[in-house]
Amino acid sequence: MVNDTVANMITSIRNANIVKATTVCIPATNITKDIGKIFLKEGFITNLREHKENTRSCLILTLKYRGRRKKPCVTNLRRISKPGLRIYSNHREIPKVLGGMGIVILSTSSGIVTDREARQKQIGGEILCYVW
């Protein structure tokens with residue numbers, strides 16, 4: 001049983017990028033659905049759909065690649081806040097990844113949002129991961 005669904009999702013995407021897989025299947029939870037929607041909105045993946053099998057459901061992410069050599073759009077994923085050590089930030093101290101080229105995904109009181117949305121709404125929260 002996996003206790004950290006966000007870390008499981010990040011590791012699955014990272015491993016799929018290494019082998020240049022087109023799709024990756026991740027167990028569906030509310031958090032993984034929200035993070036998948038952010039990936040789709042930010043252009044890191046091309047498609048997101050939910051597949052139900054008996055009692056279990058999984059998210060199928062279609063990964064996005066560039067050029068002939070199939071360079072992945074997601075070059076790096078890093079889990080920041082872990083179950084053993086939670087990292088929180090207010091809206092003024094949210095870090096910028098690659099000077100704003102990457103995104104920070106936060107869990108806030110108004111849902112899971114990117115760093116830009118959190119700064120705009122002036123809300124802080126738990127820093128889940130960095131994506132670039």
# chains A, B, ... in the order shown; residues from 1 in each chain; ligands from 1
call {"tool": "residues_around", "arguments": {"residues": "segment 16-26 of chain A", "least_positions_apart": "3", "cutoff": "10 Å", "atoms": "only C-alpha atoms", "output": "VMD selection string"}}
result
chain A and resid 5 to 6 8 to 13 29 32 to 33 36 45 to 51 57 to 65 69 to 76
call {"tool": "residues_around", "arguments": {"residues": "Ala118 of chain A", "least_positions_apart": "6", "cutoff": "9 Å", "atoms": "only C-alpha atoms", "output": "MDAnalysis selection string"}}
result
chainID A and resid 91 94 106 108 124:125
call {"tool": "residues_around", "arguments": {"residues": "Pro83 of chain A", "least_positions_apart": "2", "cutoff": "9 Å", "atoms": "only C-alpha atoms", "output": "PDB file with all heavy atoms, in the first residue's frame"}}
result
ATOM      1  N   ASN A   3       1.487   5.068   0.768  1.00  0.00           N
ATOM      2  CA  ASN A   3       0.961   6.111   1.640  1.00  0.00           C
ATOM      3  C   ASN A   3       1.078   7.489   1.013  1.00  0.00           C
ATOM      4  O   ASN A   3       0.289   8.369   1.296  1.00  0.00           O
ATOM      5  CB  ASN A   3       1.697   6.105   2.981  1.00  0.00           C
ATOM      6  CG  ASN A   3       1.365   4.875   3.782  1.00  0.00           C
ATOM      7  OD1 ASN A   3       0.284   4.334   3.660  1.00  0.00           O
ATOM      8  ND2 ASN A   3       2.305   4.426   4.589  1.00  0.00           N
ATOM      9  N   ASP A   4       2.082   7.685   0.168  1.00  0.00           N
ATOM     10  CA  ASP A   4       2.327   8.994  -0.430  1.00  0.00           C
ATOM     11  C   ASP A   4       1.959   8.944  -1.911  1.00  0.00           C
ATOM     12  O   ASP A   4       2.774   8.576  -2.752  1.00  0.00           O
ATOM     13  CB  ASP A   4       3.789   9.380  -0.227  1.00  0.00           C
ATOM     14  CG  ASP A   4       4.058  10.823  -0.566  1.00  0.00           C
ATOM     15  OD1 ASP A   4       3.104  11.544  -0.895  1.00  0.00           O
ATOM     16  OD2 ASP A   4       5.227  11.228  -0.507  1.00  0.00           O
ATOM     17  N   SER A  81       7.506  18.673  -0.060  1.00  0.00           N
ATOM     18  CA  SER A  81       6.899  18.362   1.228  1.00  0.00           C
ATOM     19  C   SER A  81       6.601  16.874   1.280  1.00  0.00           C
ATOM     20  O   SER A  81       5.942  16.329   0.401  1.00  0.00           O
ATOM     21  CB  SER A  81       5.616  19.168   1.397  1.00  0.00           C
ATOM     22  OG  SER A  81       5.063  18.943   2.652  1.00  0.00           O
ATOM     23  N   LEU A  85       8.131  15.296   6.732  1.00  0.00           N
ATOM     24  CA  LEU A  85       8.569  16.681   6.897  1.00  0.00           C
ATOM     25  C   LEU A  85       7.750  17.572   5.966  1.00  0.00           C
ATOM     26  O   LEU A  85       8.013  17.640   4.764  1.00  0.00           O
ATOM     27  CB  LEU A  85      10.061  16.824   6.572  1.00  0.00           C
ATOM     28  CG  LEU A  85      10.641  18.232   6.672  1.00  0.00           C
ATOM     29  CD1 LEU A  85      10.572  18.731   8.106  1.00  0.00           C
ATOM     30  CD2 LEU A  85      12.074  18.243   6.179  1.00  0.00           C
ATOM     31  N   ARG A  86       6.772  18.223   6.516  1.00  0.00           N
ATOM     32  CA  ARG A  86       5.914  19.114   5.729  1.00  0.00           C
ATOM     33  C   ARG A  86       6.581  20.477   5.583  1.00  0.00           C
ATOM     34  O   ARG A  86       7.142  20.997   6.535  1.00  0.00           O
ATOM     35  CB  ARG A  86       4.558  19.294   6.419  1.00  0.00           C
ATOM     36  CG  ARG A  86       3.825  18.002   6.686  1.00  0.00           C
ATOM     37  CD  ARG A  86       3.249  17.446   5.431  1.00  0.00           C
ATOM     38  NE  ARG A  86       2.435  16.267   5.750  1.00  0.00           N
ATOM     39  CZ  ARG A  86       1.912  15.483   4.850  1.00  0.00           C
ATOM     40  NH1 ARG A  86       2.100  15.727   3.573  1.00  0.00           N
ATOM     41  NH2 ARG A  86       1.200  14.445   5.200  1.00  0.00           N
TER      42      ARG A  86
END
call {"tool": "select_by_dssp", "arguments": {"residues": "segment 57-99 of chain A", "states": "strand (DSSP E or B)", "output": "list in words"}}
result
Ser57, Cys58, Leu59, Ile60, Leu61, Thr62, Leu63, Tyr65, Arg66, Lys71, Pro72, Leu77, Arg78, Arg79, Lys82, Leu85, Tyr88 and Ser89 of chain A
call {"tool": "write_last_selection", "arguments": {"atoms": "C-alpha atoms", "output": "PDB file, in the first residue's frame"}}
result
ATOM      1  CA  SER A  57      -9.841   3.595 -11.003  1.00  0.00           C
ATOM      2  CA  CYS A  58      -6.663   4.979 -12.467  1.00  0.00           C
ATOM      3  CA  LEU A  59      -5.643   8.123 -14.301  1.00  0.00           C
ATOM      4  CA  ILE A  60      -4.045   7.653 -17.688  1.00  0.00           C
ATOM      5  CA  LEU A  61      -1.686  10.509 -18.543  1.00  0.00           C
ATOM      6  CA  THR A  62      -0.472  10.900 -22.125  1.00  0.00           C
ATOM      7  CA  LEU A  63       3.007  12.364 -21.858  1.00  0.00           C
ATOM      8  CA  TYR A  65       7.533  15.037 -26.032  1.00  0.00           C
ATOM      9  CA  ARG A  66       9.328  17.558 -28.288  1.00  0.00           C
ATOM     10  CA  LYS A  71      12.772  15.072 -25.411  1.00  0.00           C
ATOM     11  CA  PRO A  72      10.227  15.056 -22.584  1.00  0.00           C
ATOM     12  CA  LEU A  77      10.073  16.642 -10.993  1.00  0.00           C
ATOM     13  CA  ARG A  78      10.979  17.057  -7.342  1.00  0.00           C
ATOM     14  CA  ARG A  79       8.855  16.221  -4.311  1.00  0.00           C
ATOM     15  CA  LYS A  82       6.942  14.767   2.435  1.00  0.00           C
ATOM     16  CA  LEU A  85       8.569  16.681   6.897  1.00  0.00           C
ATOM     17  CA  TYR A  88       4.735  25.356   4.213  1.00  0.00           C
ATOM     18  CA  SER A  89       5.049  28.813   2.706  1.00  0.00           C
TER      19      SER A  89
END
call {"tool": "atom_distance", "arguments": {"atom1": "atom CA of Arg119 of chain A", "atom2": "atom CA of Asn90 of chain A"}}
result
9.0 Å
call {"tool": "residues_around", "arguments": {"residues": "Gly100 of chain A", "least_positions_apart": "2", "cutoff": "12 Å", "atoms": "only C-alpha atoms", "output": "PyMOL selection string"}}
result
chain A and resi 94-98+102-104+114-116+130-132
call {"tool": "select_by_dssp", "arguments": {"residues": "chain A", "states": "alpha helix (DSSP H)", "output": "number ranges by chain"}}
result
A: 5-18, 30-42, 115-121
call {"tool": "atom_distance", "arguments": {"atom1": "atom CA of Leu40 of chain A", "atom2": "atom CA of Gln122 of chain A"}}
result
23.4 Å
